[in-house]
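Engineer: File target_6.cif follows (mmCIF, C-alpha atoms):
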```cif
data_work
loop_
_atom_site.label_atom_id
_atom_site.label_comp_id
_atom_site.auth_asym_id
_atom_site.auth_seq_id
_atom_site.Cartn_x
_atom_site.Cartn_y
_atom_site.Cartn_z
CA MET V 332 -35.61 7.08 23.58
CA PRO V 333 -32.52 4.88 24.27
CA LYS V 334 -34.47 1.84 23.08
CA LEU V 335 -35.40 3.69 19.89
CA MET V 336 -31.73 4.60 19.27
CA LYS V 337 -30.69 0.99 19.84
CA PHE V 338 -33.39 -0.27 17.49
CA SER V 339 -32.39 2.20 14.75
CA ARG V 340 -28.76 1.09 15.04
CA LEU V 341 -29.74 -2.55 14.68
CA LEU V 342 -31.96 -1.65 11.73
CA SER V 343 -29.07 0.14 9.99
CA VAL V 344 -26.83 -2.91 10.37
CA LEU V 345 -29.49 -5.30 9.03
CA PRO V 346 -28.59 -4.84 5.32
CA LEU V 347 -24.96 -5.58 6.16
CA LEU V 348 -25.92 -8.93 7.65
CA PHE V 349 -27.05 -10.21 4.28
CA LEU V 350 -23.86 -8.96 2.60
CA ALA V 351 -21.50 -10.39 5.23
CA GLY V 352 -22.77 -13.97 5.08
CA CYS V 353 -22.19 -16.28 8.03
CA ASN V 354 -18.84 -14.83 9.12
CA MET V 355 -19.54 -11.60 10.98
CA VAL V 356 -15.98 -10.88 12.10
CA VAL V 357 -15.83 -7.57 10.20
CA MET V 358 -18.92 -6.34 12.06
CA ALA V 359 -17.90 -7.91 15.38
CA PRO V 360 -14.10 -7.47 15.59
CA SER V 361 -11.85 -7.89 18.61
CA GLY V 362 -9.28 -5.14 18.04
CA ASP V 363 -9.79 -1.41 18.61
CA ILE V 364 -8.66 -0.38 15.11
CA ALA V 365 -11.06 -2.85 13.51
CA VAL V 366 -13.83 -1.62 15.83
CA GLN V 367 -13.31 1.96 14.68
CA GLN V 368 -13.33 0.81 11.07
CA ARG V 369 -16.56 -1.09 11.75
CA ASP V 370 -18.08 2.09 13.19
CA LEU V 371 -17.16 3.91 9.98
CA ILE V 372 -19.13 1.37 7.98
CA ILE V 373 -22.17 1.83 10.24
CA ILE V 374 -21.95 5.64 10.20
CA SER V 375 -21.62 5.75 6.41
CA THR V 376 -24.51 3.32 5.97
CA VAL V 377 -26.80 5.30 8.29
CA LEU V 378 -25.98 8.59 6.56
CA MET V 379 -26.77 7.11 3.16
CA LEU V 380 -29.98 5.52 4.43
CA LEU V 381 -31.16 9.00 5.49
CA ILE V 382 -31.64 9.66 1.79
CA ILE V 383 -32.34 6.20 0.45
CA ILE V 384 -35.20 5.30 2.81
CA PRO V 385 -37.22 8.53 2.27
CA VAL V 386 -36.69 8.32 -1.50
CA ILE V 387 -37.93 4.73 -1.61
CA PHE V 388 -40.90 5.57 0.65
CA LEU V 389 -41.88 8.67 -1.35
CA THR V 390 -41.51 6.81 -4.65
CA LEU V 391 -43.99 4.18 -3.50
CA LEU V 392 -46.26 6.85 -1.98
CA PHE V 393 -46.37 8.95 -5.16
CA ALA V 394 -46.94 5.90 -7.33
CA TRP V 395 -49.94 4.95 -5.17
CA ARG V 396 -51.37 8.43 -4.61
CA TYR V 397 -51.12 9.58 -8.21
CA ARG V 398 -52.16 6.33 -9.85
CA HIS V 399 -54.39 6.56 -12.90
CA SER V 400 -57.49 5.31 -11.06
CA ASN V 401 -57.26 7.92 -8.26
CA THR V 402 -59.39 10.74 -9.63
CA ALA V 403 -59.23 12.60 -6.29
CA ALA V 404 -55.49 13.30 -6.66
CA THR V 405 -54.45 16.80 -7.67
CA TYR V 406 -53.74 17.09 -11.37
CA ALA V 407 -51.42 20.01 -12.26
CA PRO V 408 -49.91 19.49 -15.73
CA GLU V 409 -48.57 23.08 -15.85
CA TRP V 410 -46.62 22.84 -12.58
CA HIS V 411 -42.87 23.23 -13.08
CA HIS V 412 -41.16 24.72 -10.01
CA SER V 413 -41.18 24.84 -6.20
CA THR V 414 -38.51 26.74 -4.26
CA ARG V 415 -39.21 24.85 -1.05
CA LEU V 416 -38.97 21.50 -2.81
CA GLU V 417 -35.72 22.49 -4.53
CA ILE V 418 -34.21 23.48 -1.17
CA VAL V 419 -35.11 20.11 0.33
CA ILE V 420 -33.88 18.15 -2.70
CA TRP V 421 -30.47 19.86 -2.73
CA ALA V 422 -29.91 20.65 0.96
CA ALA V 423 -30.34 17.11 2.29
CA PRO V 424 -27.76 15.43 0.00
CA LEU V 425 -25.37 18.36 0.47
CA ALA V 426 -25.57 18.01 4.25
CA ILE V 427 -24.91 14.28 4.02
CA ILE V 428 -21.93 14.81 1.70
CA ILE V 429 -20.48 17.37 4.13
CA ALA V 430 -20.96 14.93 7.02
CA LEU V 431 -19.34 12.08 5.09
CA GLY V 432 -16.47 14.36 4.09
CA ALA V 433 -15.86 15.37 7.71
CA VAL V 434 -15.94 11.76 8.89
CA THR V 435 -13.58 10.72 6.08
CA TRP V 436 -11.13 13.53 6.82
CA ILE V 437 -10.98 12.76 10.54
CA SER V 438 -10.79 8.98 10.18
CA THR V 439 -8.16 9.14 7.41
CA HIS V 440 -5.74 10.78 9.84
CA LYS V 441 -6.90 9.03 12.99
CA LEU V 442 -6.77 5.52 11.47
CA ASP V 443 -3.61 6.00 9.41
CA PRO V 444 -1.89 2.59 9.66
CA TYR V 445 1.50 4.34 9.99
CA ARG V 446 0.32 6.36 13.00
CA PRO V 447 1.25 4.90 16.42
CA LEU V 448 -1.68 4.05 18.67
CA ASP V 449 -2.87 6.52 21.30
CA ARG V 450 -5.35 4.24 23.05
CA LEU V 451 -6.08 0.59 23.83
CA ASP V 452 -9.81 1.02 23.29
CA ALA V 453 -12.49 3.68 23.61
CA GLU V 454 -12.18 3.75 27.42
CA ARG V 455 -8.45 3.22 28.01
CA THR V 456 -5.35 5.09 26.95
CA ILE V 457 -1.96 3.43 26.56
CA PRO V 458 0.07 3.51 29.79
CA ALA V 459 3.22 5.59 29.51
CA ASP V 460 5.54 2.68 30.30
CA THR V 461 4.06 0.33 27.68
CA LYS V 462 6.53 -1.02 25.12
CA PRO V 463 4.94 -2.11 21.82
CA LEU V 464 5.56 -5.55 20.36
CA THR V 465 7.40 -5.40 17.02
CA VAL V 466 6.56 -8.03 14.40
CA GLU V 467 8.24 -8.16 10.99
CA VAL V 468 6.01 -9.76 8.34
CA VAL V 469 7.20 -11.30 5.07
CA ALA V 470 4.76 -12.53 2.42
CA LEU V 471 6.28 -15.56 0.66
CA ASP V 472 4.95 -17.82 -2.11
CA TRP V 473 2.57 -18.99 -0.57
CA LYS V 474 3.00 -18.65 3.15
CA TRP V 475 3.64 -16.05 5.83
CA LEU V 476 6.90 -15.58 7.74
CA PHE V 477 6.86 -13.64 11.02
CA PHE V 478 9.95 -12.32 12.82
CA TYR V 479 9.95 -11.25 16.46
CA PRO V 480 13.24 -9.29 16.51
CA GLU V 481 13.03 -8.38 20.20
CA LEU V 482 12.43 -12.02 21.16
CA GLY V 483 14.84 -13.56 18.64
CA ILE V 484 12.27 -16.01 17.24
CA ALA V 485 10.39 -16.52 13.97
CA THR V 486 7.35 -18.50 12.85
CA VAL V 487 5.63 -19.61 9.66
CA ASN V 488 1.85 -19.38 9.32
CA GLU V 489 1.27 -18.66 13.01
CA LEU V 490 1.18 -15.33 14.82
CA ALA V 491 0.59 -14.47 18.46
CA ALA V 492 0.42 -11.32 20.54
CA PRO V 493 -0.58 -10.37 24.09
CA VAL V 494 -3.97 -8.83 24.68
CA ASP V 495 -3.97 -5.04 25.19
CA MET V 496 -0.40 -4.61 23.96
CA PRO V 497 0.22 -2.33 20.94
CA ILE V 498 1.67 -4.20 17.96
CA ASN V 499 3.94 -2.54 15.41
CA PHE V 500 3.90 -4.51 12.16
CA LYS V 501 6.58 -4.00 9.51
CA ILE V 502 5.43 -5.65 6.31
CA THR V 503 7.20 -6.63 3.08
CA ALA V 504 7.16 -9.40 0.45
CA SER V 505 9.77 -11.59 -1.19
CA SER V 506 8.44 -11.81 -4.76
CA VAL V 507 5.03 -10.39 -5.74
CA MET V 508 2.61 -7.97 -4.12
CA ASN V 509 0.38 -9.42 -1.43
CA SER V 510 -1.98 -8.14 1.24
CA PHE V 511 -1.76 -8.81 4.98
CA TYR V 512 -5.21 -9.04 6.56
CA ILE V 513 -6.54 -10.07 9.97
CA PRO V 514 -10.21 -8.93 9.93
CA ALA V 515 -10.60 -9.12 13.71
CA LEU V 516 -7.52 -6.93 14.26
CA ALA V 517 -7.40 -4.20 11.58
CA GLY V 518 -7.80 -3.49 7.88
CA GLN V 519 -5.66 -5.02 5.16
CA ILE V 520 -2.21 -3.62 4.37
CA TYR V 521 -0.30 -4.36 1.15
CA ALA V 522 3.00 -6.24 1.24
CA MET V 523 5.32 -5.32 -1.63
CA PRO V 524 8.82 -6.54 -2.52
CA GLY V 525 11.57 -4.01 -1.92
CA MET V 526 9.21 -1.83 0.13
CA GLU V 527 8.10 -1.73 3.76
CA THR V 528 4.58 -0.87 4.84
CA LYS V 529 3.46 -0.49 8.44
CA LEU V 530 0.47 -1.22 10.60
CA HIS V 531 -0.18 -0.30 14.25
CA ALA V 532 -2.91 -2.32 15.95
CA VAL V 533 -4.00 -3.94 19.21
CA ILE V 534 -6.06 -7.02 20.05
CA ASN V 535 -8.45 -6.58 23.00
CA LYS V 536 -9.91 -10.07 23.43
CA GLU V 537 -8.29 -13.46 23.82
CA GLY V 538 -9.03 -15.93 21.07
CA GLU V 539 -7.91 -17.54 17.83
CA TYR V 540 -8.44 -15.44 14.73
CA GLU V 541 -8.07 -15.99 11.00
CA GLY V 542 -5.44 -14.21 8.95
CA PHE V 543 -4.94 -14.49 5.21
CA SER V 544 -3.79 -12.86 2.00
CA ALA V 545 -6.37 -10.51 0.49
CA ASN V 546 -4.57 -9.99 -2.82
CA TYR V 547 -4.28 -12.69 -5.51
CA SER V 548 -0.65 -13.74 -5.86
CA GLY V 549 -0.60 -17.04 -7.74
CA SER V 550 -1.72 -20.64 -7.67
CA GLY V 551 -1.26 -21.11 -3.91
CA PHE V 552 -3.09 -17.91 -2.96
CA SER V 553 -6.24 -19.60 -1.62
CA HIS V 554 -4.22 -21.55 0.96
CA MET V 555 -2.13 -18.57 2.10
CA ARG V 556 -3.69 -18.47 5.55
CA PHE V 557 -2.44 -18.33 9.14
CA LYS V 558 -3.74 -18.32 12.71
CA PHE V 559 -3.46 -15.27 14.94
CA HIS V 560 -3.62 -15.98 18.67
CA GLY V 561 -4.65 -13.25 21.09
CA LEU V 562 -3.21 -14.40 24.43
CA GLY V 563 -2.89 -13.22 27.99
CA ARG V 564 0.58 -12.25 29.20
CA GLU V 565 1.25 -15.68 30.73
CA GLY V 566 -0.17 -17.44 27.69
CA PHE V 567 2.05 -15.41 25.37
CA ASP V 568 5.15 -16.18 27.46
CA THR V 569 4.23 -19.87 27.29
CA TRP V 570 3.85 -19.63 23.50
CA VAL V 571 7.26 -17.96 23.14
CA ALA V 572 8.85 -20.66 25.30
CA GLN V 573 7.22 -23.33 23.12
CA VAL V 574 8.62 -21.74 19.96
CA LYS V 575 12.12 -21.62 21.45
CA GLN V 576 11.86 -25.22 22.64
CA LYS V 577 10.53 -26.75 19.40
CA GLY V 578 12.08 -24.41 16.87
CA THR V 579 15.20 -24.68 14.72
CA MET V 580 17.56 -21.99 13.43
CA LEU V 581 16.54 -19.70 10.56
CA ASN V 582 19.69 -18.66 8.73
CA ARG V 583 20.21 -17.59 5.12
CA ASP V 584 20.36 -21.15 3.79
CA ALA V 585 17.19 -22.18 5.65
CA TYR V 586 15.40 -19.07 4.42
CA LEU V 587 16.34 -19.66 0.77
CA LYS V 588 14.81 -23.14 1.02
CA LEU V 589 11.71 -21.75 2.74
CA GLU V 590 11.36 -18.99 0.14
CA LYS V 591 10.78 -21.42 -2.73
CA PRO V 592 7.13 -21.58 -3.82
CA SER V 593 5.07 -24.10 -1.84
CA GLU V 594 1.41 -24.56 -0.94
CA LYS V 595 -0.39 -25.57 2.27
CA GLU V 596 2.77 -25.01 4.29
CA PRO V 597 2.46 -26.31 7.89
CA VAL V 598 3.21 -24.18 10.94
CA ARG V 599 6.94 -23.93 11.64
CA TYR V 600 8.87 -22.57 14.60
CA PHE V 601 12.35 -21.05 14.58
CA ALA V 602 14.07 -20.67 17.93
CA GLY V 603 16.47 -18.16 16.42
CA ALA V 604 16.92 -16.10 13.27
CA ASP V 605 19.80 -14.14 11.76
CA ALA V 606 19.55 -10.60 13.05
CA ASP V 607 19.93 -9.03 9.59
CA LEU V 608 17.76 -11.50 7.67
CA TYR V 609 14.63 -9.34 7.54
CA ASP V 610 16.62 -6.34 6.29
CA ALA V 611 18.20 -8.55 3.63
CA ILE V 612 14.75 -9.73 2.50
CA LEU V 613 13.47 -6.14 2.47
CA ASN V 614 16.44 -5.02 0.36
CA MET V 615 16.14 -8.10 -1.89
CA CYS V 616 19.65 -9.38 -1.21
CA ALA V 617 19.04 -12.54 0.83
CA THR V 618 20.34 -14.56 -2.12
CA PRO V 619 24.17 -14.66 -2.18
CA GLY V 620 25.71 -12.46 -4.85
CA LYS V 621 22.83 -9.97 -4.98
CA MET V 622 23.38 -6.30 -4.22
CA CYS V 623 21.11 -4.81 -1.56
CA MET V 624 18.76 -2.12 -2.78
CA ASN V 625 19.87 0.29 -0.05
CA GLU V 626 23.45 -0.09 -1.29
CA MET V 627 22.37 0.72 -4.84
CA MET V 628 20.37 3.72 -3.60
CA HIS V 629 23.44 4.95 -1.72
CA ILE V 630 25.51 4.68 -4.91
CA ASP V 631 22.85 6.61 -6.82
CA MET V 632 22.66 9.23 -4.09
CA THR V 633 26.41 9.88 -4.32
CA GLY V 634 26.23 10.40 -8.08
CA GLY V 635 26.46 6.86 -9.45
CA GLY V 636 29.40 4.51 -9.95
CA GLY V 637 30.26 5.36 -13.55
CA LYS V 638 31.24 2.77 -16.12
CA GLU V 639 32.86 0.66 -13.41
CA SER V 640 29.40 -0.08 -11.97
CA ALA V 641 28.29 -2.01 -15.09
CA GLU V 642 29.07 -5.24 -13.27
CA ASN V 643 26.33 -4.41 -10.77
CA ARG V 644 23.68 -5.19 -13.39
CA ASP V 645 23.72 -8.93 -12.73
CA LYS V 646 23.62 -8.30 -8.97
CA LEU V 647 20.38 -6.36 -9.33
CA GLN V 648 18.38 -8.94 -11.30
CA TYR V 649 15.89 -10.43 -8.86
CA ASP V 650 12.95 -11.74 -10.90
CA ASN V 651 14.84 -14.73 -12.35
CA ARG V 652 16.59 -15.78 -9.14
CA HIS V 653 15.10 -19.31 -9.29
CA ALA V 654 15.55 -19.79 -13.04
CA ASP V 655 18.73 -21.84 -12.61
CA GLU V 656 16.78 -24.23 -10.37
CA GLY V 657 14.05 -24.78 -12.94
CA ILE V 658 11.53 -22.79 -10.91
CA VAL V 659 10.14 -20.22 -13.32
CA ALA V 660 6.99 -18.23 -12.61
CA PRO V 661 4.65 -17.39 -15.50
CA ALA V 662 5.47 -14.02 -17.02
CA ALA V 663 3.71 -11.69 -19.41
CA THR V 664 6.81 -11.15 -21.52
CA VAL V 665 9.45 -13.60 -22.66
CA PRO V 666 12.46 -11.50 -21.61
CA ALA V 667 11.27 -11.52 -18.00
CA THR V 668 12.21 -15.18 -17.59
CA GLY V 669 14.25 -16.08 -20.64
CA ALA V 670 11.73 -18.80 -21.47
CA PRO V 671 10.69 -19.36 -25.10
CA ALA V 672 7.41 -17.89 -26.31
CA ARG V 673 4.41 -20.14 -25.76
CA SER V 674 2.44 -19.18 -28.85
CA GLU V 675 3.29 -20.37 -32.34
CA PRO V 676 3.80 -17.79 -35.12
CA ALA V 677 0.69 -17.09 -37.20
CA LYS V 678 0.44 -19.07 -40.44
CA SER V 679 -1.31 -18.38 -43.71
CA SER V 680 -3.79 -20.70 -45.42
CA ASP V 681 -0.97 -22.51 -47.25
CA GLY V 682 0.74 -23.40 -43.99
CA ASN V 683 3.63 -20.93 -44.31
CA SER V 684 4.52 -18.38 -41.68
CA MET V 685 2.85 -15.06 -42.32
CA GLN V 686 5.25 -12.31 -43.32
CA HIS V 687 4.47 -8.64 -43.73
CA ASP V 688 5.71 -7.27 -47.04
CA MET V 689 6.39 -3.57 -46.82
CA PRO V 690 8.01 -2.70 -50.17
CA GLY V 691 10.11 0.38 -50.56
CA MET V 692 11.11 0.58 -46.92
CA GLN V 693 14.79 0.61 -46.07
CA SER V 694 16.36 0.17 -42.71
CA THR V 695 18.74 2.71 -41.37
CA PRO V 696 22.37 1.68 -40.96
CA GLY V 697 22.94 -0.28 -37.80
CA MET V 698 19.45 -1.81 -37.65
CA ASP V 699 18.81 -5.47 -38.42
CA MET V 700 15.30 -5.82 -39.82
CA GLN V 701 15.12 -9.52 -39.06
CA HIS V 702 13.02 -10.70 -36.15
CA ASP V 703 13.13 -14.21 -34.75
CA GLY V 704 15.04 -15.39 -37.83
CA HIS V 705 12.44 -14.23 -40.39
CA SER V 706 13.46 -11.55 -42.86
CA MET V 707 11.02 -8.94 -44.02
CA PRO V 708 10.87 -8.70 -47.86
CA GLY V 709 11.41 -5.32 -49.41
CA MET V 710 13.69 -4.12 -46.65
CA THR V 711 17.39 -3.61 -47.10
CA ASN V 712 19.45 -4.45 -44.05
CA GLY V 713 22.32 -2.21 -43.06
CA ALA V 714 25.83 -3.51 -42.89
CA ASP V 715 26.40 -2.70 -39.27
CA PRO V 716 25.07 -5.08 -36.63
CA ALA V 717 22.18 -3.88 -34.52
CA PRO V 718 22.65 -2.95 -30.91
CA ALA V 719 21.95 -5.75 -28.47
CA GLN V 720 18.82 -4.10 -27.11
CA LEU V 721 17.34 -3.93 -30.64
CA ASN V 722 18.16 -7.46 -31.70
CA ASP V 723 17.69 -9.64 -28.65
CA ASN V 724 16.79 -13.09 -29.96
CA ASN V 725 17.91 -14.99 -26.89
#
```
Would you write the structure of this file as structure tokens?
Structural biologist:
Amino acid sequence: MPKLMKFSRLLSVLPLLFLAGCNMVVMAPSGDIAVQQRDLIIISTVLMLLIIIPVIFLTLLFAWRYRHSNTAATYAPEWHHSTRLEIVIWAAPLAIIIALGAVTWISTHKLDPYRPLDRLDAERTIPADTKPLTVEVVALDWKWLFFYPELGIATVNELAAPVDMPINFKITASSVMNSFYIPALAGQIYAMPGMETKLHAVINKEGEYEGFSANYSGSGFSHMRFKFHGLGREGFDTWVAQVKQKGTMLNRDAYLKLEKPSEKEPVRYFAGADADLYDAILNMCATPGKMCMNEMMHIDMTGGGGKESAENRDKLQYDNRHADEGIVAPAATVPATGAPARSEPAKSSDGNSMQHDMPGMQSTPGMDMQHDGHSMPGMTNGADPAPAQLNDNN
């Protein structure tokens, strides 16, 4: 019986082998959270195969048994109902749906990435005196920045953690949404600017593992990869000492240079980092002159700053922070960057710009019916200038 159970488990995983390709890290992970997620895949696959395999078998069986040449098969053209058959047809899928629902409900709470760990693996609980390792993750264009606030160090495109030590990840991004993913450790977690997501995980085996971005974020996305080292306690202490020995200082100026878009960034070590730098990145105020989002939220919470707070508008514009340096990311709308439109205005067959003539229409006072310097025939413009938000030709 145990051999039969083992064989059935291997058989259920067989279809996944063809889907996973050569890299089987998702089905053979090294962290307890990833192992539990792997088990979910296996359980869900087995439950679905309980229906799929019999249906495929019976389809082939019926096609063979009731083929046109088999005159010995029962022919019942007036048959239309069977209570026993209906019970089987509806009860089996309903039972599987209930089982999948129960598994989903339990695992959704148990594997919540925000929930602190309660075990190291299936056989060991976390000792009461264990202190988790905190790692602050920042997704940059196009590289990863890791802070170790308790150790006072930071790294680029390299991450390390001791084996069997809980890791508390705090994750954010500097510009666009990304996704932090180490398949051997745990599932992917989104990194978003101005927001902090969390992940609790543990690595149970020593080794070097691949980490990367799982969400497209621009031209350098495919090279946005890093190495994650699972080390013993002595090995991790040696790695920390190496970072402190070879690293430089990560202050605001160094970060602003690092933040600029770059591809295939090499591994970098920082022996020290400003204590409030991660919070400044999270609140989008690492650039001098920018107001932190938590400050703005505090102002809003107290009722707003009134007309006197109009000057805060420039301090809260983040998307064009590199525009003065000539570094402008592609945008869907022209106002997002201030760059001119890329497309030329449509022209008629005679080569003139196409204009829409809407005779009889009059503009209301205060509205300028010109757009991009082209008047619209048949419309009478009001005498008063339009508000800035209605006539922005910059």
Engineer: Work out how far CA of Arg369 (chain V) is from CA of Asp449 (chain V), in Å to one decimal.
Structural biologist: 18.3 Å
Engineer: Can you list, as a PyMOL selection string, the residues that the PyMOL selection byres ((chain V and resi 574) around 8) selects here?
Structural biologist: chain V and resi 484+486+570-573+575-578+600-602
Engineer: At what distance in Å, to one decimal, does CA of Ile374 (chain V) lie from CA of Lys536 (chain V)?
Structural biologist: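 Interatomic distance, CA of Lys536 (chain V) to CA of Ile374 (chain V): 23.8 Å.
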Engineer: Can you tell me, as a PyMOL selection string, what residues are no more than 12 Å from region 478-481 of chain V when counting only C-alpha atoms, ignoring any on the same chain fewer than 3 positions away?
Structural biologist: chain V and resi 462-470+475+484-492+498-503+571+574-575+581+600-610+612
Engineer: Taking all atoms listed in the file into account, which of V:Ile382, V:Ile457, V:Gly563, V:Trp395 comes nearest Ala426 (chain V)?
Structural biologist: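 Ranked by minimum distance to Ala426 (chain V), first place goes to V:Ile382.
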Engineer: V:Ser505, V:Ser361, V:Ser553, V:Ser593: which is nearest Tyr540 (chain V), counting all atoms listed in the file?
Structural biologist: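 Looking only at the distances to Tyr540 (chain V), the closest residue turns out to be V:Ser361.
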Engineer: Give me the result of the PyMOL selection byres ((chain V and resi 516) around 8) on this file, residue by residue, as a PyMOL selection string.
Structural biologist: chain V and resi 360-365+513-515+517-518+532-534
Engineer: For the selection just defined, write its residues with C-alpha atoms to a file, as a tab-separated table (two decimals), in the coordinates of the input.
Structural biologist:
```tsv
chain	number	residue	atom	x	y	z
V	360	PRO	CA	-14.10	-7.47	15.59
V	361	SER	CA	-11.85	-7.89	18.61
V	362	GLY	CA	-9.28	-5.14	18.04
V	363	ASP	CA	-9.79	-1.41	18.61
V	364	ILE	CA	-8.66	-0.38	15.11
V	365	ALA	CA	-11.06	-2.85	13.51
V	513	ILE	CA	-6.54	-10.07	9.97
V	514	PRO	CA	-10.21	-8.93	9.93
V	515	ALA	CA	-10.60	-9.12	13.71
V	517	ALA	CA	-7.40	-4.20	11.58
V	518	GLY	CA	-7.80	-3.49	7.88
V	532	ALA	CA	-2.91	-2.32	15.95
V	533	VAL	CA	-4.00	-3.94	19.21
V	534	ILE	CA	-6.06	-7.02	20.05
```
Engineer: Which value, in Å to one decimal, gives the distance between CA of Gly432 (chain V) and CA of Gln368 (chain V)?
Structural biologist: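 Separation of CA of Gly432 (chain V) and CA of Gln368 (chain V): 15.6 Å.
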Engineer: Name the residues that the PyMOL selection byres ((chain V and resi 375) around 12) pulls out of this structure, and write them as a ChimeraX atom specification.
Structural biologist: /V:343-344,347,368-374,376-382,427-435,438
Engineer: Just want the 10 Å neighbourhood of Met615 (chain V), counted on only C-alpha atoms, with same-chain residues fewer than 4 positions away dropped. Output as a ChimeraX atom specification.
Structural biologist: /V:504-506,524-526,609-611,621-625,647-649
Engineer: Choose the residue, out of V:Leu587, V:Met496, V:Leu448, V:Leu442, that has the smallest atom-to-atom separation from Thr461 (chain V); count only C-alpha atoms.
Structural biologist: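 Distance minimum relative to Thr461 (chain V) lands on V:Met496.
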Engineer: Quick one: of V:Leu392, V:Met508, V:Leu471, V:Ala522, who's nearest to Gly551 (chain V), counting only C-alpha atoms?
Structural biologist: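 Answer, going by the shortest atom-to-atom distance: V:Leu471.
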Engineer: Return the single residue from V:Leu416, V:Glu596, V:Lys529, V:Asp472 that is closest to Tyr547 (chain V), with distances computed using only C-alpha atoms.
Structural biologist: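 Comparing V:Leu416, V:Glu596, V:Lys529, V:Asp472 against Tyr547 (chain V), the winner is V:Asp472.
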Engineer: Which centre and edge lengths in Å to one decimal define the box along x, y and z that fits every listed atom of region 568-581 of chain V plus 8 Å per side, as AutoDock Vina command-line options?
Structural biologist:
```
--center_x 10.7 --center_y -21.5 --center_z 19.0 --size_x 29.7 --size_y 26.6 --size_z 32.9
```
Engineer: Calculated over only C-alpha atoms, which of the candidates V:Leu613, V:Phe567, V:Ile520, V:Ser544 has the smallest distance to Asp443 (chain V)?
Structural biologist: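 The shortest atom-to-atom distance to Asp443 (chain V) comes from V:Ile520.
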